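Read through the structure below, which is laid out as structure tokens, and then see the notes.
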Amino acid sequence: MKLTREKMSKLAIDLLCDVIGSILFALGIYTFAKAAAFAPGGISGLALVINYLTGLPIGIMTLVLNVPIILLSYKVVGRMFFLKSLRTMVISTFFMDVVFPRIPLYTGDRFLAALFTGLFVGAGLAIIYVRGSSTGGTDFLIIAINKLRPHLSVGTVTLFIDTIVIVLGGIIFGDIDAMLYGVVSTVVASLVMDKMMYGNDGGKMMIIISNAAEEIAKQIDALVDRGSTLVHATGTYSGQERLMLYCVCSKTQAFRIKSAAHELDPLAFMILTDATEVYGEGFVEKEK
């Protein structure tokens with residue numbers, strides 16, 4: 001019964017984050033970017049461009065455009081991530097196509113629209129990402145690339161991929177300013193997303209002291225394919241011997257490791273600190 005309650009509680013939090021994240025995401029795309037006539041990047045930006053040309057709903061077009069990307073990246077992202085993302089995409093589509101078309105659009109300064117598009121989109125995606133889900137589209141490609149190159153920042157990868165859509169948006173809207181506003185919104189979204197999820201540093205060092213250290217180490221390996229080191233330690237105050245788990249991970253993996261450790265041992269003592277330079281397998285290779 002306890003396990004069932006925990007699962008229900010986790011599902012409720014996931015759904016709440018899906019709703020909040022989808023509201024913020026739709027607010028940025030529909031209320032600000034659509035009104036200001038620029039593409040902020042990603043599949044949603046591409047769907048916005050199609051909406052501009054044909055009038056087709058942004059949310060529905062996002063789902064349609066997701067199909068080939070899902071087929072290409074399904075094996076990498078995995079079944080669980082796909083199912084959670086599918087739920088998020090449906091919720092996001094509902095707010096994008098049903099709720100926000102009934103809300104007045106922002107008709108003020110386009111630069112402010114670009115700033116608030118980035119703010120709301122970045123915050124919405126961060127809330128969705130930390131629960132192990134996504135809005136689909138290029139998110140699938142981003143997560144796949146991040147698994148292959150874990151030292152890369154999610155924000156940096158997003159910025160690189162979105163450039164193509166931003167340039168296309170500038171061409172379709174026939175306005176060089178549309179391209180510039182797309183760049184502004186995407187940069188802001190990347191900064192907000194990275195800041196909310198991981199901070200600004202490239203690597204994290206974790207020290208975990210727990211009676212379940214061995215189980216946590218196995219979970220780290222299973223979740224993020226990251227090795228760790230177990231060290232026998234003695235508390236100077238209690239005199240008790242415990243295992244200390246030492247792990248250096250990318251900043252995109254820190255949240256998942258911390259969550260897994262808390263699930264296995266709610267009383268685990270953890271230290272999470274920045275690692276400004278990390279060289280070796282899975283990180284940046286040191287130049288010879």
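Note on naming: chains are A, B, ... as they come in the structure tokens, residues start from 1 per chain, ligands start from 1 in the order shown.
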(message) Would you pick out the contacts of region 170-180 of chain A at 10 Å or less, using only C-alpha atoms, so that residues sharing its chain but fewer than 2 positions from it are not included, and give the list as a list in words?
(response)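 With the cut-off at 10 Å, the set is Ala33, Ala36, Ala37, Phe38, Ala39, Pro40, Gly41, Val49, Ile50, Tyr52, Leu53, Arg110, Phe111, Ala114, Thr163, Val165, Ile166, Val167, Leu168, Gly182, Val183, Val184, Ser185 and Thr186 of chain A.
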Selection file, N, CA, C and O atoms, as a short mmCIF file (atom, residue, chain, number, x, y, z; two decimals), in the first residue's frame:
data_model
loop_
_atom_site.label_atom_id
_atom_site.label_comp_id
_atom_site.auth_asym_id
_atom_site.auth_seq_id
_atom_site.Cartn_x
_atom_site.Cartn_y
_atom_site.Cartn_z
N ALA A 33 4.91 34.93 -28.74
CA ALA A 33 5.60 34.72 -30.02
C ALA A 33 4.65 34.82 -31.21
O ALA A 33 4.98 35.43 -32.23
N ALA A 36 3.72 38.42 -31.88
CA ALA A 36 4.84 39.24 -32.36
C ALA A 36 5.38 38.75 -33.70
O ALA A 36 6.30 39.35 -34.26
N ALA A 37 4.84 37.64 -34.22
CA ALA A 37 5.21 37.12 -35.55
C ALA A 37 6.69 36.80 -35.68
O ALA A 37 7.41 37.35 -36.51
N PHE A 38 7.18 35.89 -34.83
CA PHE A 38 8.52 35.35 -34.99
C PHE A 38 8.53 33.92 -34.48
O PHE A 38 7.66 33.52 -33.70
N ALA A 39 9.50 33.13 -34.95
CA ALA A 39 9.61 31.73 -34.54
C ALA A 39 10.71 31.59 -33.50
O ALA A 39 11.86 31.91 -33.77
N PRO A 40 10.38 31.12 -32.28
CA PRO A 40 11.38 31.01 -31.22
C PRO A 40 12.28 29.79 -31.33
O PRO A 40 13.18 29.62 -30.52
N GLY A 41 12.05 28.92 -32.28
CA GLY A 41 12.89 27.73 -32.42
C GLY A 41 12.16 26.47 -32.00
O GLY A 41 11.12 26.51 -31.34
N VAL A 49 5.26 28.67 -37.57
CA VAL A 49 5.46 29.12 -38.96
C VAL A 49 4.38 28.53 -39.86
O VAL A 49 3.80 29.24 -40.71
N ILE A 50 4.08 27.24 -39.69
CA ILE A 50 3.03 26.59 -40.48
C ILE A 50 1.67 27.22 -40.19
O ILE A 50 0.84 27.42 -41.09
N TYR A 52 1.19 30.26 -39.36
CA TYR A 52 1.21 31.56 -40.04
C TYR A 52 0.86 31.41 -41.52
O TYR A 52 0.14 32.24 -42.10
N LEU A 53 1.32 30.32 -42.14
CA LEU A 53 1.09 30.11 -43.56
C LEU A 53 -0.28 29.50 -43.87
O LEU A 53 -0.89 29.82 -44.90
N ARG A 110 7.65 44.24 -29.55
CA ARG A 110 8.10 42.92 -30.01
C ARG A 110 9.32 42.43 -29.24
O ARG A 110 9.49 41.23 -29.01
N PHE A 111 10.20 43.35 -28.84
CA PHE A 111 11.37 42.95 -28.08
C PHE A 111 10.97 42.40 -26.72
O PHE A 111 11.50 41.39 -26.25
N ALA A 114 9.70 38.99 -27.18
CA ALA A 114 10.78 38.01 -27.31
C ALA A 114 11.36 37.63 -25.96
O ALA A 114 11.62 36.45 -25.69
N THR A 163 18.62 27.12 -34.09
CA THR A 163 19.08 28.12 -35.07
C THR A 163 18.45 27.90 -36.44
O THR A 163 18.08 28.86 -37.13
N VAL A 165 15.53 26.59 -37.23
CA VAL A 165 14.13 27.01 -37.24
C VAL A 165 14.03 28.53 -37.20
O VAL A 165 13.16 29.13 -37.86
N ILE A 166 14.90 29.17 -36.44
CA ILE A 166 14.87 30.63 -36.34
C ILE A 166 15.15 31.28 -37.69
O ILE A 166 14.46 32.23 -38.09
N VAL A 167 16.14 30.78 -38.39
CA VAL A 167 16.47 31.31 -39.73
C VAL A 167 15.30 31.10 -40.68
O VAL A 167 14.92 32.00 -41.44
N LEU A 168 14.70 29.90 -40.64
CA LEU A 168 13.55 29.62 -41.49
C LEU A 168 12.40 30.57 -41.16
O LEU A 168 11.72 31.08 -42.07
N GLY A 182 13.74 35.91 -32.65
CA GLY A 182 13.82 34.48 -32.41
C GLY A 182 15.09 34.10 -31.68
O GLY A 182 15.08 33.26 -30.78
N VAL A 183 16.20 34.74 -32.07
CA VAL A 183 17.47 34.49 -31.39
C VAL A 183 17.40 34.94 -29.93
O VAL A 183 17.81 34.22 -29.02
N VAL A 184 16.84 36.14 -29.69
CA VAL A 184 16.72 36.66 -28.33
C VAL A 184 15.91 35.73 -27.45
O VAL A 184 16.31 35.37 -26.33
N SER A 185 14.75 35.29 -27.94
CA SER A 185 13.88 34.43 -27.13
C SER A 185 14.53 33.08 -26.84
O SER A 185 14.40 32.54 -25.73
N THR A 186 15.26 32.54 -27.83
CA THR A 186 15.90 31.23 -27.64
C THR A 186 17.06 31.31 -26.66
O THR A 186 17.26 30.41 -25.83
#
(request) Please identify all polymer residues within 12 Å of Phe255 (chain A), counting only C-alpha atoms, omitting same-chain residues fewer than 3 positions from it, and present them as a list of chain:residue names. (result) A:Ala126, A:Tyr129, A:Val130, A:Arg131, A:Gly132, A:Met196, A:Met197, A:Tyr198, A:Gly199, A:Lys204, A:Met205, A:Met206, A:Ile220, A:Leu223, A:Val224, A:Cys249, A:Ser250, A:Lys251, A:Thr252, A:Lys258, A:Ser259, A:Ala260, A:Ala261, A:His262, A:Leu272
Export, as a CSV table (one decimal), in the first residue's frame, the selected residues with N, CA, C and O atoms.
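Heads up, here's the output in result-v1.csv:
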chain,number,residue,atom,x,y,z
A,126,ALA,N,11.9,23.7,-18.2
A,126,ALA,CA,12.7,23.3,-17.1
A,126,ALA,C,11.8,22.5,-16.1
A,126,ALA,O,12.2,21.5,-15.6
A,129,TYR,N,11.2,19.2,-17.7
A,129,TYR,CA,12.4,18.3,-17.8
A,129,TYR,C,12.8,17.7,-16.5
A,129,TYR,O,13.2,16.5,-16.5
A,130,VAL,N,12.6,18.4,-15.4
A,130,VAL,CA,13.1,17.9,-14.1
A,130,VAL,C,12.2,16.7,-13.6
A,130,VAL,O,12.6,16.0,-12.7
A,131,ARG,N,11.1,16.5,-14.2
A,131,ARG,CA,10.2,15.4,-13.9
A,131,ARG,C,10.4,14.2,-14.9
A,131,ARG,O,9.7,13.3,-14.9
A,132,GLY,N,11.5,14.3,-15.7
A,132,GLY,CA,11.8,13.3,-16.6
A,132,GLY,C,10.9,13.2,-17.8
A,132,GLY,O,10.7,12.1,-18.4
A,196,MET,N,17.5,27.3,-14.0
A,196,MET,CA,16.6,26.6,-13.1
A,196,MET,C,16.9,25.2,-12.8
A,196,MET,O,16.7,24.6,-11.7
A,197,MET,N,17.5,24.5,-13.8
A,197,MET,CA,17.7,23.0,-13.7
A,197,MET,C,19.1,22.7,-13.0
A,197,MET,O,19.2,21.8,-12.2
A,198,TYR,N,20.1,23.4,-13.4
A,198,TYR,CA,21.5,23.0,-13.0
A,198,TYR,C,22.4,24.0,-12.5
A,198,TYR,O,23.5,23.7,-12.0
A,199,GLY,N,22.1,25.3,-12.7
A,199,GLY,CA,23.1,26.3,-12.5
A,199,GLY,C,23.9,26.5,-13.7
A,199,GLY,O,23.6,26.1,-14.8
A,204,LYS,N,29.3,18.4,-11.9
A,204,LYS,CA,28.9,18.4,-10.5
A,204,LYS,C,29.7,17.2,-9.8
A,204,LYS,O,29.9,16.2,-10.4
A,205,MET,N,30.0,17.5,-8.6
A,205,MET,CA,30.6,16.4,-7.7
A,205,MET,C,29.7,16.1,-6.6
A,205,MET,O,29.2,17.0,-5.9
A,206,MET,N,29.3,14.8,-6.4
A,206,MET,CA,28.4,14.4,-5.4
A,206,MET,C,29.1,13.4,-4.4
A,206,MET,O,29.8,12.5,-4.8
A,220,ILE,N,22.6,4.6,-9.9
A,220,ILE,CA,23.3,5.6,-10.7
A,220,ILE,C,23.7,5.0,-12.0
A,220,ILE,O,23.6,5.6,-13.1
A,223,LEU,N,20.6,4.4,-14.3
A,223,LEU,CA,19.9,5.6,-14.7
A,223,LEU,C,20.7,6.4,-15.7
A,223,LEU,O,20.2,6.8,-16.8
A,224,VAL,N,22.0,6.7,-15.4
A,224,VAL,CA,22.7,7.6,-16.2
A,224,VAL,C,24.0,7.0,-16.8
A,224,VAL,O,24.9,7.7,-17.4
A,249,CYS,N,29.6,13.8,-12.0
A,249,CYS,CA,28.6,13.6,-13.1
A,249,CYS,C,28.4,15.0,-13.8
A,249,CYS,O,28.9,16.0,-13.4
A,250,SER,N,27.8,14.9,-15.0
A,250,SER,CA,27.5,16.1,-15.7
A,250,SER,C,26.3,16.8,-15.0
A,250,SER,O,25.6,16.2,-14.2
A,251,LYS,N,26.2,18.1,-15.2
A,251,LYS,CA,25.1,18.8,-14.6
A,251,LYS,C,23.8,18.4,-15.0
A,251,LYS,O,22.8,18.5,-14.3
A,252,THR,N,23.6,17.8,-16.2
A,252,THR,CA,22.3,17.3,-16.6
A,252,THR,C,21.9,16.0,-16.0
A,252,THR,O,20.8,15.6,-16.1
A,258,LYS,N,20.3,12.8,-7.6
A,258,LYS,CA,19.9,13.2,-6.3
A,258,LYS,C,18.5,12.7,-6.0
A,258,LYS,O,18.2,12.2,-4.8
A,259,SER,N,17.6,12.7,-7.0
A,259,SER,CA,16.2,12.1,-6.8
A,259,SER,C,16.3,10.6,-6.5
A,259,SER,O,15.6,10.1,-5.6
A,260,ALA,N,17.1,9.9,-7.2
A,260,ALA,CA,17.2,8.4,-7.0
A,260,ALA,C,17.8,8.1,-5.6
A,260,ALA,O,17.3,7.2,-4.9
A,261,ALA,N,18.8,8.9,-5.1
A,261,ALA,CA,19.3,8.7,-3.8
A,261,ALA,C,18.3,8.9,-2.7
A,261,ALA,O,18.2,8.2,-1.8
A,262,HIS,N,17.5,10.0,-2.9
A,262,HIS,CA,16.4,10.3,-1.9
A,262,HIS,C,15.4,9.2,-1.9
A,262,HIS,O,14.8,8.9,-0.8
A,272,LEU,N,26.5,18.3,-2.8
A,272,LEU,CA,26.5,18.5,-4.2
A,272,LEU,C,27.3,19.8,-4.4
A,272,LEU,O,26.9,20.9,-3.9
(request) Have a look at A:Ile128, A:Ile271, A:Leu63, A:Val188 and name the one nearest to Ala47 (chain A); count only C-alpha atoms. (result) A:Leu63
(request) If you run DSSP over the backbone, which residues in region 70-282 of chain A end up alpha helix (DSSP H)? Put them as a PyMOL selection string. (result) chain A and resi 70-77+79-94+110-129+138-148+154-173+176-197+213-224+251-264
